[in-house]
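Engineer: Structure incoming, see below.
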Amino acid sequence: MSDSLKIRSYRREYSVDFVDEYLPALKKQVRQRDVVIIDKNIFDLYPDIAEVAQEVCHRVIKPIEEAKSFHALHPIIDNLLEGGITKTDRIIAIGGGIIQDIAAFISSILFRGIEWVFFPTNLLSQADSCIGSKTSINFGAYKNQLGGFYPPHKIVIATAFLSTLPEREILSGLGEMMHYFCVSGEGDFAWAKNRLAVAVQEKKGFDELIRRSLSIKKALIEIDEFDEGPRNVFNYGHSFAHALESVTNYAVPHGIAVCFGMDLANFISVKLGLIPNELRNEIQRSLVPVWEKTELDLHNLDPFFTALKRDKKNEGTNIKVILTKSLGKMFKTTLVLDDPMKELIRKYFADKQWEKAIWMSWEN
């Protein structure tokens, strides 16, 4: 396989470089006047990376949702300006999605745009968020409501970072990838479902999964970078996932929440007569390795419905979600959140619909 993937963007063409060793690649990228924004976990776990970061201006950030709030970014920007950053200097981001959002957003607004380079260090950012140009930060209680489109100038992927990831972060990345394989169609779904189980059990095979996931995403973002049409299908499962993350205070990692969100979207699709229950069951079983260790017990769903209404993809008072007519046939539609629909969603959570797939997996 190629060691580099080229992504066409409205701003520029940028590359995703796959490397075996992260340290030489990092040393090659960091220049004297660069600013390194680094995940605290990476800073603590990798002394060799910390040493490189400490040679230049750097900021160590704990990767929590509060860190990418509008309020939290003020002292970072203030520190950069006081330190004398200029339009020709760059930001080097080392970390996962939160670090990516912080670096991308700041890079996009400083001097109307400066260069930034991204070293994604968790599976979700390597297989998904690193490409696509989106930048998002939180405003108060509203998640990802501020942002734009500002791609990095280069992305460097080293799967060696995955060796120190907690299992839930691995599962989160795999869950996010599965939504791409479902959206892509029967071929990619069949290709991925067995590989996902192996990746969970044996902690290998990540490289080919990452490359395929990025290739699927690349095909649509290059024709719809601003998420105005065809790219909308990538929101499959995400409206429900974001609401679930919100009501659990992010106790459920994003990619795992996406799997629950896909299953809920499929459950609704079955009830609306869009897909047979057999297809929903088949997709469900493929998600078992991702969610089987996650406990989900929601009783009061009013906060869930409130969070769902706040989703940034909504238009006016309409709730926009992605439902499906088959693998590879997802579509954007309006969900009328009336009493019958709320009761249907309540039934999904009350019956713990996803547990059926776990039981079937154990029986097999």
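The way I read the labels, and the way they are meant: chains A, B, ... in the order of the structure tokens, residue 1 as the first residue of every chain, and ligand 1 as the first ligand shown, with later ones counted on from there.
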Return as JSON lines the residues of region 236-344 of chain A lying at most 12 Å from region 58-76 of chain A, together with the closest atom-to-atom pair for each and the distance in Å to one decimal, counting only C-alpha atoms, with rows in chain order and ascending residue number.
Structural biologist:
```
{"residue": "A:Glu245", "atom": "CA", "partner": "A:Glu65", "partner_atom": "CA", "distance": 11.1}
{"residue": "A:Ser246", "atom": "CA", "partner": "A:Glu65", "partner_atom": "CA", "distance": 10.8}
{"residue": "A:Asn249", "atom": "CA", "partner": "A:Glu65", "partner_atom": "CA", "distance": 9.7}
{"residue": "A:Tyr250", "atom": "CA", "partner": "A:Glu65", "partner_atom": "CA", "distance": 8.5}
{"residue": "A:Ala251", "atom": "CA", "partner": "A:Glu65", "partner_atom": "CA", "distance": 11.5}
{"residue": "A:Pro253", "atom": "CA", "partner": "A:Glu65", "partner_atom": "CA", "distance": 11.7}
{"residue": "A:His254", "atom": "CA", "partner": "A:Glu65", "partner_atom": "CA", "distance": 11.8}
```
Engineer: For those residues, write all heavy atoms to a file as a PDB file, in the first residue's frame.
Structural biologist:
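result.pdb was written with the following content:
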```
ATOM      1  N   GLU A 245     -24.022  11.025  24.439  1.00  0.00           N
ATOM      2  CA  GLU A 245     -22.817  11.518  25.106  1.00  0.00           C
ATOM      3  C   GLU A 245     -23.164  12.610  26.113  1.00  0.00           C
ATOM      4  O   GLU A 245     -22.638  12.638  27.233  1.00  0.00           O
ATOM      5  CB  GLU A 245     -21.844  12.077  24.062  1.00  0.00           C
ATOM      6  CG  GLU A 245     -21.166  11.040  23.197  1.00  0.00           C
ATOM      7  CD  GLU A 245     -20.286  11.700  22.144  1.00  0.00           C
ATOM      8  OE1 GLU A 245     -20.812  12.063  21.073  1.00  0.00           O
ATOM      9  OE2 GLU A 245     -19.094  11.871  22.404  1.00  0.00           O
ATOM     10  N   SER A 246     -24.052  13.510  25.709  1.00  0.00           N
ATOM     11  CA  SER A 246     -24.420  14.634  26.558  1.00  0.00           C
ATOM     12  C   SER A 246     -25.090  14.168  27.850  1.00  0.00           C
ATOM     13  O   SER A 246     -24.714  14.612  28.942  1.00  0.00           O
ATOM     14  CB  SER A 246     -25.363  15.576  25.797  1.00  0.00           C
ATOM     15  OG  SER A 246     -25.807  16.630  26.616  1.00  0.00           O
ATOM     16  N   ASN A 249     -22.822  12.527  30.344  1.00  0.00           N
ATOM     17  CA  ASN A 249     -21.661  13.348  30.681  1.00  0.00           C
ATOM     18  C   ASN A 249     -20.382  12.761  30.089  1.00  0.00           C
ATOM     19  O   ASN A 249     -19.330  12.742  30.727  1.00  0.00           O
ATOM     20  CB  ASN A 249     -21.523  13.516  32.199  1.00  0.00           C
ATOM     21  CG  ASN A 249     -20.607  14.658  32.585  1.00  0.00           C
ATOM     22  OD1 ASN A 249     -20.437  15.616  31.820  1.00  0.00           O
ATOM     23  ND2 ASN A 249     -19.987  14.543  33.740  1.00  0.00           N
ATOM     24  N   TYR A 250     -20.502  12.267  28.864  1.00  0.00           N
ATOM     25  CA  TYR A 250     -19.390  11.722  28.079  1.00  0.00           C
ATOM     26  C   TYR A 250     -18.764  10.473  28.698  1.00  0.00           C
ATOM     27  O   TYR A 250     -17.619  10.139  28.412  1.00  0.00           O
ATOM     28  CB  TYR A 250     -18.329  12.797  27.815  1.00  0.00           C
ATOM     29  CG  TYR A 250     -18.921  14.012  27.149  1.00  0.00           C
ATOM     30  CD1 TYR A 250     -19.249  15.145  27.887  1.00  0.00           C
ATOM     31  CD2 TYR A 250     -19.210  14.003  25.791  1.00  0.00           C
ATOM     32  CE1 TYR A 250     -19.849  16.252  27.285  1.00  0.00           C
ATOM     33  CE2 TYR A 250     -19.811  15.106  25.185  1.00  0.00           C
ATOM     34  CZ  TYR A 250     -20.118  16.216  25.925  1.00  0.00           C
ATOM     35  OH  TYR A 250     -20.715  17.287  25.333  1.00  0.00           O
ATOM     36  N   ALA A 251     -19.539   9.791  29.549  1.00  0.00           N
ATOM     37  CA  ALA A 251     -19.057   8.523  30.100  1.00  0.00           C
ATOM     38  C   ALA A 251     -19.001   7.447  29.018  1.00  0.00           C
ATOM     39  O   ALA A 251     -18.234   6.491  29.130  1.00  0.00           O
ATOM     40  CB  ALA A 251     -19.965   8.063  31.244  1.00  0.00           C
ATOM     41  N   PRO A 253     -17.781   6.724  25.427  1.00  0.00           N
ATOM     42  CA  PRO A 253     -16.898   7.296  24.400  1.00  0.00           C
ATOM     43  C   PRO A 253     -17.624   7.476  23.064  1.00  0.00           C
ATOM     44  O   PRO A 253     -18.564   6.726  22.749  1.00  0.00           O
ATOM     45  CB  PRO A 253     -15.784   6.253  24.289  1.00  0.00           C
ATOM     46  CG  PRO A 253     -15.786   5.549  25.601  1.00  0.00           C
ATOM     47  CD  PRO A 253     -17.223   5.506  26.029  1.00  0.00           C
ATOM     48  N   HIS A 254     -17.166   8.437  22.294  1.00  0.00           N
ATOM     49  CA  HIS A 254     -17.886   8.847  21.086  1.00  0.00           C
ATOM     50  C   HIS A 254     -18.195   7.688  20.139  1.00  0.00           C
ATOM     51  O   HIS A 254     -19.341   7.516  19.705  1.00  0.00           O
ATOM     52  CB  HIS A 254     -17.084   9.915  20.345  1.00  0.00           C
ATOM     53  CG  HIS A 254     -17.711  10.314  19.038  1.00  0.00           C
ATOM     54  ND1 HIS A 254     -18.862  11.052  18.965  1.00  0.00           N
ATOM     55  CD2 HIS A 254     -17.343  10.038  17.752  1.00  0.00           C
ATOM     56  CE1 HIS A 254     -19.189  11.223  17.690  1.00  0.00           C
ATOM     57  NE2 HIS A 254     -18.293  10.629  16.949  1.00  0.00           N
TER      58      HIS A 254
END
```
Engineer: What's around Gly147 (chain A) at 8 Å? Count only C-alpha atoms, leave out sequence neighbours fewer than 6 positions away in its own chain, and write the answer as a ChimeraX atom specification.
Structural biologist: /A:105,134-137
Engineer: Please produce a file of the residues just selected, as a PDB file, in the first residue's frame, where the atoms kept are N, CA, C and O atoms.
Structural biologist:
```
ATOM      1  N   PHE A 105      -8.989  25.052  15.384  1.00  0.00           N
ATOM      2  CA  PHE A 105      -9.772  26.272  15.566  1.00  0.00           C
ATOM      3  C   PHE A 105      -8.860  27.479  15.754  1.00  0.00           C
ATOM      4  O   PHE A 105      -9.055  28.528  15.115  1.00  0.00           O
ATOM      5  N   LYS A 134     -13.174  19.789   9.308  1.00  0.00           N
ATOM      6  CA  LYS A 134     -14.050  20.385  10.317  1.00  0.00           C
ATOM      7  C   LYS A 134     -13.285  20.791  11.573  1.00  0.00           C
ATOM      8  O   LYS A 134     -12.428  20.061  12.045  1.00  0.00           O
ATOM      9  N   THR A 135     -13.631  21.967  12.101  1.00  0.00           N
ATOM     10  CA  THR A 135     -13.142  22.390  13.410  1.00  0.00           C
ATOM     11  C   THR A 135     -14.362  22.676  14.281  1.00  0.00           C
ATOM     12  O   THR A 135     -15.333  23.268  13.806  1.00  0.00           O
ATOM     13  N   SER A 136     -14.331  22.240  15.524  1.00  0.00           N
ATOM     14  CA  SER A 136     -15.486  22.441  16.402  1.00  0.00           C
ATOM     15  C   SER A 136     -15.024  22.656  17.837  1.00  0.00           C
ATOM     16  O   SER A 136     -14.185  21.910  18.334  1.00  0.00           O
ATOM     17  N   ILE A 137     -15.594  23.664  18.478  1.00  0.00           N
ATOM     18  CA  ILE A 137     -15.366  23.844  19.913  1.00  0.00           C
ATOM     19  C   ILE A 137     -16.720  24.026  20.600  1.00  0.00           C
ATOM     20  O   ILE A 137     -17.740  24.286  19.949  1.00  0.00           O
TER      21      ILE A 137
END
```
Engineer: Within 10 Å of region 284-301 of chain A, which residues of region 209-263 of chain A show up? Give each one with its shortest atom-to-atom distance in Å (one decimal) and the two atoms involved, counting only C-alpha atoms, rows by chain then rising residue number, as CSV.
Structural biologist:
```
residue,atom,partner,partner_atom,distance
A:Leu244,CA,A:Leu298,CA,9.5
A:Val247,CA,A:Leu301,CA,8.7
A:Thr248,CA,A:Leu298,CA,8.8
A:Ala251,CA,A:Thr294,CA,9.6
A:Val252,CA,A:Thr294,CA,7.6
A:Pro253,CA,A:Thr294,CA,9.6
A:Gly255,CA,A:Val290,CA,8.6
A:Ile256,CA,A:Trp291,CA,6.1
A:Ala257,CA,A:Trp291,CA,8.6
A:Cys259,CA,A:Leu287,CA,6.6
A:Phe260,CA,A:Trp291,CA,7.9
A:Met262,CA,A:Gln284,CA,8.9
A:Asp263,CA,A:Gln284,CA,6.6
```
Engineer: Would you mind exporting N, CA, C and O atoms of the selected residues as an mmCIF file, in the first residue's frame?
Structural biologist:
```cif
data_model
loop_
_atom_site.group_PDB
_atom_site.id
_atom_site.type_symbol
_atom_site.label_atom_id
_atom_site.label_comp_id
_atom_site.auth_asym_id
_atom_site.auth_seq_id
_atom_site.Cartn_x
_atom_site.Cartn_y
_atom_site.Cartn_z
ATOM 1 N N LEU A 244 -26.633 11.092 23.406
ATOM 2 C CA LEU A 244 -26.258 10.085 24.401
ATOM 3 C C LEU A 244 -25.007 10.505 25.156
ATOM 4 O O LEU A 244 -24.929 10.357 26.388
ATOM 5 N N VAL A 247 -26.058 13.254 27.757
ATOM 6 C CA VAL A 247 -26.825 12.859 28.950
ATOM 7 C C VAL A 247 -26.023 11.925 29.856
ATOM 8 O O VAL A 247 -26.371 11.766 31.030
ATOM 9 N N THR A 248 -24.964 11.325 29.340
ATOM 10 C CA THR A 248 -24.111 10.479 30.186
ATOM 11 C C THR A 248 -22.851 11.221 30.625
ATOM 12 O O THR A 248 -21.936 10.617 31.178
ATOM 13 N N ALA A 251 -19.539 9.791 29.549
ATOM 14 C CA ALA A 251 -19.057 8.523 30.100
ATOM 15 C C ALA A 251 -19.001 7.447 29.018
ATOM 16 O O ALA A 251 -18.234 6.491 29.130
ATOM 17 N N VAL A 252 -19.832 7.611 27.994
ATOM 18 C CA VAL A 252 -19.798 6.705 26.848
ATOM 19 C C VAL A 252 -18.919 7.341 25.775
ATOM 20 O O VAL A 252 -19.247 8.411 25.256
ATOM 21 N N PRO A 253 -17.781 6.724 25.427
ATOM 22 C CA PRO A 253 -16.898 7.296 24.400
ATOM 23 C C PRO A 253 -17.624 7.476 23.064
ATOM 24 O O PRO A 253 -18.564 6.726 22.749
ATOM 25 N N GLY A 255 -17.179 6.904 19.781
ATOM 26 C CA GLY A 255 -17.396 5.844 18.797
ATOM 27 C C GLY A 255 -18.345 4.763 19.278
ATOM 28 O O GLY A 255 -19.084 4.160 18.482
ATOM 29 N N ILE A 256 -18.342 4.500 20.590
ATOM 30 C CA ILE A 256 -19.289 3.536 21.159
ATOM 31 C C ILE A 256 -20.689 4.135 21.116
ATOM 32 O O ILE A 256 -21.671 3.447 20.785
ATOM 33 N N ALA A 257 -20.798 5.433 21.426
ATOM 34 C CA ALA A 257 -22.086 6.111 21.334
ATOM 35 C C ALA A 257 -22.617 6.080 19.900
ATOM 36 O O ALA A 257 -23.822 5.940 19.672
ATOM 37 N N CYS A 259 -22.201 3.716 17.761
ATOM 38 C CA CYS A 259 -22.770 2.380 17.520
ATOM 39 C C CYS A 259 -24.182 2.277 18.084
ATOM 40 O O CYS A 259 -25.081 1.745 17.431
ATOM 41 N N PHE A 260 -24.382 2.789 19.303
ATOM 42 C CA PHE A 260 -25.749 2.833 19.842
ATOM 43 C C PHE A 260 -26.645 3.701 18.954
ATOM 44 O O PHE A 260 -27.809 3.369 18.715
ATOM 45 N N MET A 262 -26.332 4.290 15.715
ATOM 46 C CA MET A 262 -26.658 3.561 14.488
ATOM 47 C C MET A 262 -27.761 2.542 14.747
ATOM 48 O O MET A 262 -28.685 2.385 13.943
ATOM 49 N N ASP A 263 -27.653 1.832 15.865
ATOM 50 C CA ASP A 263 -28.647 0.813 16.181
ATOM 51 C C ASP A 263 -30.016 1.442 16.412
ATOM 52 O O ASP A 263 -31.042 0.895 15.982
#
```
Engineer: DSSP says alpha helix (DSSP H) for which residues of region 56-202 of chain A? Put them as a PyMOL selection string?
Structural biologist: chain A and resi 70-82+97-109+123-124+167-184+186-202
Engineer: Quick one: which region 154-205 of chain A residues come within 10 Å of region 108-131 of chain A, and what is the nearest atom pair for each with the distance in Å to one decimal, counting only C-alpha atoms, rows ordered by chain and ascending number, as CSV?
Structural biologist:
```
residue,atom,partner,partner_atom,distance
A:Lys154,CA,A:Val117,CA,5.0
A:Ile155,CA,A:Phe118,CA,4.8
A:Val156,CA,A:Phe119,CA,5.1
A:Ile157,CA,A:Phe119,CA,6.2
A:Ala158,CA,A:Thr121,CA,7.5
A:Thr159,CA,A:Thr121,CA,7.7
A:Ala160,CA,A:Thr121,CA,8.6
A:Phe161,CA,A:Thr121,CA,5.5
A:Leu162,CA,A:Asn122,CA,6.1
A:Ser163,CA,A:Asn122,CA,9.6
A:Thr164,CA,A:Asn122,CA,9.2
A:Leu165,CA,A:Asn122,CA,6.9
A:Pro166,CA,A:Asn122,CA,9.6
A:Glu169,CA,A:Leu123,CA,7.1
A:Ile170,CA,A:Leu123,CA,6.0
A:Leu171,CA,A:Leu123,CA,8.6
A:Ser172,CA,A:Leu124,CA,6.6
A:Gly173,CA,A:Leu124,CA,3.8
A:Leu174,CA,A:Leu124,CA,7.3
A:Gly175,CA,A:Leu124,CA,8.5
A:Glu176,CA,A:Leu124,CA,6.6
A:Met177,CA,A:Ala127,CA,6.7
A:Tyr180,CA,A:Asp128,CA,9.0
```
Engineer: Find the residues around Ser9 (chain A) up to 8 Å (only C-alpha atoms counted), leave out those fewer than 5 positions away in its own chain, and share them as a short mmCIF file (atom, residue, chain, number, x, y, z; two decimals) with N, CA, C and O atoms, in the first residue's frame.
Structural biologist:
```cif
data_model
loop_
_atom_site.label_atom_id
_atom_site.label_comp_id
_atom_site.auth_asym_id
_atom_site.auth_seq_id
_atom_site.Cartn_x
_atom_site.Cartn_y
_atom_site.Cartn_z
N TYR A 14 -3.54 18.31 0.91
CA TYR A 14 -2.68 17.93 2.03
C TYR A 14 -2.52 16.41 2.05
O TYR A 14 -3.31 15.68 1.44
N SER A 133 -11.53 18.48 7.43
CA SER A 133 -11.44 19.95 7.57
C SER A 133 -12.27 20.55 8.70
O SER A 133 -12.11 21.72 9.03
N PRO A 151 -8.49 22.62 7.15
CA PRO A 151 -7.68 21.39 7.19
C PRO A 151 -6.24 21.65 7.60
O PRO A 151 -5.72 22.76 7.43
N GLU A 222 -14.17 15.02 -0.64
CA GLU A 222 -13.58 15.73 -1.78
C GLU A 222 -14.65 16.27 -2.73
O GLU A 222 -14.36 17.16 -3.53
N GLU A 225 -17.03 18.94 0.76
CA GLU A 225 -16.21 19.26 1.93
C GLU A 225 -17.00 19.99 3.01
O GLU A 225 -16.75 19.83 4.20
#
```
Engineer: List the spatial neighbours of Ile99 (chain A) as a short mmCIF file (atom, residue, chain, number, x, y, z; two decimals) with C-alpha atoms, in the first residue's frame - criterion: any atom at most 7 Å away, only C-alpha atoms, same-chain residues fewer than 5 positions off excluded.
Structural biologist:
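After the write, part.cif holds the following:
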```cif
data_model
loop_
_atom_site.label_atom_id
_atom_site.label_comp_id
_atom_site.auth_asym_id
_atom_site.auth_seq_id
_atom_site.Cartn_x
_atom_site.Cartn_y
_atom_site.Cartn_z
CA ILE A 38 0.16 18.28 23.06
CA ASP A 39 -2.18 15.92 24.90
CA PRO A 63 -7.92 16.18 26.87
CA ALA A 93 -0.85 19.24 17.30
CA ILE A 94 -0.11 15.91 19.01
#
```
Engineer: Of the candidates A:Val233, A:Ile283, A:Ile98, A:Ile77, which shows the shortest atom-to-atom distance to Phe189 (chain A), using only C-alpha atoms?
Structural biologist: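 Comparing A:Val233, A:Ile283, A:Ile98, A:Ile77 against Phe189 (chain A), the winner is A:Ile283.
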Engineer: Pick from A:Leu308, A:Val198, A:Val258, A:Ile210: nearest to Ala241 (chain A), with only C-alpha atoms counted?
Structural biologist: A:Val258
Engineer: Extract the full set of strand (DSSP E) residues from region 69-217 of chain A according to DSSP on the backbone, and format it as a PDB file with N, CA, C and O atoms, in the first residue's frame.
Structural biologist:
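Below you can see out11.pdb, which holds the result:
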```
ATOM      1  N   ARG A  90       3.955  28.005  12.896  1.00  0.00           N
ATOM      2  CA  ARG A  90       3.001  26.900  12.760  1.00  0.00           C
ATOM      3  C   ARG A  90       2.637  26.318  14.120  1.00  0.00           C
ATOM      4  O   ARG A  90       3.373  26.459  15.095  1.00  0.00           O
ATOM      5  N   ILE A  91       1.510  25.629  14.144  1.00  0.00           N
ATOM      6  CA  ILE A  91       1.108  24.855  15.317  1.00  0.00           C
ATOM      7  C   ILE A  91       1.242  23.374  14.973  1.00  0.00           C
ATOM      8  O   ILE A  91       0.771  22.922  13.914  1.00  0.00           O
ATOM      9  N   ILE A  92       1.908  22.630  15.847  1.00  0.00           N
ATOM     10  CA  ILE A  92       2.022  21.180  15.711  1.00  0.00           C
ATOM     11  C   ILE A  92       1.127  20.558  16.780  1.00  0.00           C
ATOM     12  O   ILE A  92       1.365  20.753  17.976  1.00  0.00           O
ATOM     13  N   ALA A  93       0.100  19.847  16.363  1.00  0.00           N
ATOM     14  CA  ALA A  93      -0.848  19.242  17.299  1.00  0.00           C
ATOM     15  C   ALA A  93      -0.530  17.761  17.460  1.00  0.00           C
ATOM     16  O   ALA A  93      -0.413  17.036  16.475  1.00  0.00           O
ATOM     17  N   ILE A  94      -0.415  17.319  18.715  1.00  0.00           N
ATOM     18  CA  ILE A  94      -0.114  15.911  19.013  1.00  0.00           C
ATOM     19  C   ILE A  94      -1.151  15.417  20.013  1.00  0.00           C
ATOM     20  O   ILE A  94      -1.132  15.812  21.184  1.00  0.00           O
ATOM     21  N   GLY A  95      -2.048  14.580  19.551  1.00  0.00           N
ATOM     22  CA  GLY A  95      -3.092  14.089  20.444  1.00  0.00           C
ATOM     23  C   GLY A  95      -4.288  13.580  19.664  1.00  0.00           C
ATOM     24  O   GLY A  95      -4.196  13.279  18.472  1.00  0.00           O
ATOM     25  N   GLU A 115      -0.452  27.871   9.395  1.00  0.00           N
ATOM     26  CA  GLU A 115      -0.265  26.449   9.124  1.00  0.00           C
ATOM     27  C   GLU A 115      -0.341  25.628  10.408  1.00  0.00           C
ATOM     28  O   GLU A 115       0.072  26.087  11.474  1.00  0.00           O
ATOM     29  N   TRP A 116      -0.848  24.399  10.259  1.00  0.00           N
ATOM     30  CA  TRP A 116      -0.797  23.471  11.387  1.00  0.00           C
ATOM     31  C   TRP A 116      -0.599  22.061  10.863  1.00  0.00           C
ATOM     32  O   TRP A 116      -0.996  21.717   9.749  1.00  0.00           O
ATOM     33  N   VAL A 117       0.074  21.248  11.673  1.00  0.00           N
ATOM     34  CA  VAL A 117       0.397  19.858  11.332  1.00  0.00           C
ATOM     35  C   VAL A 117      -0.162  18.980  12.443  1.00  0.00           C
ATOM     36  O   VAL A 117      -0.080  19.332  13.622  1.00  0.00           O
ATOM     37  N   PHE A 118      -0.712  17.847  12.082  1.00  0.00           N
ATOM     38  CA  PHE A 118      -1.402  17.014  13.066  1.00  0.00           C
ATOM     39  C   PHE A 118      -0.800  15.613  13.144  1.00  0.00           C
ATOM     40  O   PHE A 118      -0.663  14.919  12.132  1.00  0.00           O
ATOM     41  N   PHE A 119      -0.452  15.215  14.379  1.00  0.00           N
ATOM     42  CA  PHE A 119      -0.050  13.848  14.696  1.00  0.00           C
ATOM     43  C   PHE A 119      -1.179  13.219  15.527  1.00  0.00           C
ATOM     44  O   PHE A 119      -1.191  13.365  16.759  1.00  0.00           O
ATOM     45  N   PRO A 120      -2.149  12.566  14.906  1.00  0.00           N
ATOM     46  CA  PRO A 120      -3.237  11.951  15.673  1.00  0.00           C
ATOM     47  C   PRO A 120      -2.728  10.738  16.442  1.00  0.00           C
ATOM     48  O   PRO A 120      -1.983   9.917  15.905  1.00  0.00           O
ATOM     49  N   LYS A 134     -13.174  19.789   9.308  1.00  0.00           N
ATOM     50  CA  LYS A 134     -14.050  20.385  10.317  1.00  0.00           C
ATOM     51  C   LYS A 134     -13.285  20.791  11.573  1.00  0.00           C
ATOM     52  O   LYS A 134     -12.428  20.061  12.045  1.00  0.00           O
ATOM     53  N   THR A 135     -13.631  21.967  12.101  1.00  0.00           N
ATOM     54  CA  THR A 135     -13.142  22.390  13.410  1.00  0.00           C
ATOM     55  C   THR A 135     -14.362  22.676  14.281  1.00  0.00           C
ATOM     56  O   THR A 135     -15.333  23.268  13.806  1.00  0.00           O
ATOM     57  N   SER A 136     -14.331  22.240  15.524  1.00  0.00           N
ATOM     58  CA  SER A 136     -15.486  22.441  16.402  1.00  0.00           C
ATOM     59  C   SER A 136     -15.024  22.656  17.837  1.00  0.00           C
ATOM     60  O   SER A 136     -14.185  21.910  18.334  1.00  0.00           O
ATOM     61  N   ILE A 137     -15.594  23.664  18.478  1.00  0.00           N
ATOM     62  CA  ILE A 137     -15.366  23.844  19.913  1.00  0.00           C
ATOM     63  C   ILE A 137     -16.720  24.026  20.600  1.00  0.00           C
ATOM     64  O   ILE A 137     -17.740  24.286  19.949  1.00  0.00           O
ATOM     65  N   ASN A 138     -16.704  23.868  21.907  1.00  0.00           N
ATOM     66  CA  ASN A 138     -17.943  23.954  22.676  1.00  0.00           C
ATOM     67  C   ASN A 138     -18.173  25.371  23.175  1.00  0.00           C
ATOM     68  O   ASN A 138     -17.228  26.137  23.401  1.00  0.00           O
ATOM     69  N   PHE A 139     -19.437  25.692  23.364  1.00  0.00           N
ATOM     70  CA  PHE A 139     -19.808  26.997  23.923  1.00  0.00           C
ATOM     71  C   PHE A 139     -20.786  26.752  25.058  1.00  0.00           C
ATOM     72  O   PHE A 139     -21.936  26.380  24.831  1.00  0.00           O
ATOM     73  N   TYR A 142     -23.245  23.794  25.109  1.00  0.00           N
ATOM     74  CA  TYR A 142     -23.524  23.403  23.727  1.00  0.00           C
ATOM     75  C   TYR A 142     -22.265  22.838  23.077  1.00  0.00           C
ATOM     76  O   TYR A 142     -21.279  23.541  22.879  1.00  0.00           O
ATOM     77  N   LYS A 143     -22.314  21.570  22.743  1.00  0.00           N
ATOM     78  CA  LYS A 143     -21.154  20.859  22.206  1.00  0.00           C
ATOM     79  C   LYS A 143     -20.986  21.127  20.704  1.00  0.00           C
ATOM     80  O   LYS A 143     -21.926  21.039  19.929  1.00  0.00           O
ATOM     81  N   ASN A 144     -19.758  21.466  20.327  1.00  0.00           N
ATOM     82  CA  ASN A 144     -19.371  21.600  18.915  1.00  0.00           C
ATOM     83  C   ASN A 144     -20.230  22.600  18.140  1.00  0.00           C
ATOM     84  O   ASN A 144     -20.503  22.408  16.950  1.00  0.00           O
ATOM     85  N   GLN A 145     -20.655  23.675  18.797  1.00  0.00           N
ATOM     86  CA  GLN A 145     -21.525  24.639  18.123  1.00  0.00           C
ATOM     87  C   GLN A 145     -20.747  25.748  17.405  1.00  0.00           C
ATOM     88  O   GLN A 145     -21.306  26.443  16.566  1.00  0.00           O
ATOM     89  N   LEU A 146     -19.464  25.919  17.731  1.00  0.00           N
ATOM     90  CA  LEU A 146     -18.649  26.935  17.063  1.00  0.00           C
ATOM     91  C   LEU A 146     -17.564  26.239  16.253  1.00  0.00           C
ATOM     92  O   LEU A 146     -16.937  25.296  16.722  1.00  0.00           O
ATOM     93  N   GLY A 147     -17.342  26.724  15.051  1.00  0.00           N
ATOM     94  CA  GLY A 147     -16.290  26.101  14.247  1.00  0.00           C
ATOM     95  C   GLY A 147     -16.373  26.487  12.788  1.00  0.00           C
ATOM     96  O   GLY A 147     -17.091  27.411  12.396  1.00  0.00           O
ATOM     97  N   GLY A 148     -15.621  25.768  11.997  1.00  0.00           N
ATOM     98  CA  GLY A 148     -15.581  26.037  10.562  1.00  0.00           C
ATOM     99  C   GLY A 148     -14.911  24.884   9.848  1.00  0.00           C
ATOM    100  O   GLY A 148     -14.972  23.737  10.289  1.00  0.00           O
ATOM    101  N   PHE A 149     -14.250  25.215   8.760  1.00  0.00           N
ATOM    102  CA  PHE A 149     -13.544  24.210   7.969  1.00  0.00           C
ATOM    103  C   PHE A 149     -12.121  24.707   7.726  1.00  0.00           C
ATOM    104  O   PHE A 149     -11.924  25.740   7.081  1.00  0.00           O
ATOM    105  N   LYS A 154      -0.541  19.001   6.963  1.00  0.00           N
ATOM    106  CA  LYS A 154      -0.031  17.624   6.879  1.00  0.00           C
ATOM    107  C   LYS A 154      -0.537  16.837   8.071  1.00  0.00           C
ATOM    108  O   LYS A 154      -0.703  17.390   9.163  1.00  0.00           O
ATOM    109  N   ILE A 155      -0.772  15.543   7.832  1.00  0.00           N
ATOM    110  CA  ILE A 155      -1.155  14.615   8.900  1.00  0.00           C
ATOM    111  C   ILE A 155      -0.150  13.476   8.890  1.00  0.00           C
ATOM    112  O   ILE A 155       0.194  12.954   7.820  1.00  0.00           O
ATOM    113  N   VAL A 156       0.336  13.096  10.073  1.00  0.00           N
ATOM    114  CA  VAL A 156       1.284  11.989  10.183  1.00  0.00           C
ATOM    115  C   VAL A 156       0.689  10.937  11.111  1.00  0.00           C
ATOM    116  O   VAL A 156       0.408  11.213  12.282  1.00  0.00           O
ATOM    117  N   ILE A 157       0.460   9.739  10.572  1.00  0.00           N
ATOM    118  CA  ILE A 157      -0.161   8.666  11.340  1.00  0.00           C
ATOM    119  C   ILE A 157       0.865   7.590  11.681  1.00  0.00           C
ATOM    120  O   ILE A 157       1.503   7.023  10.786  1.00  0.00           O
TER     121      ILE A 157
END
```
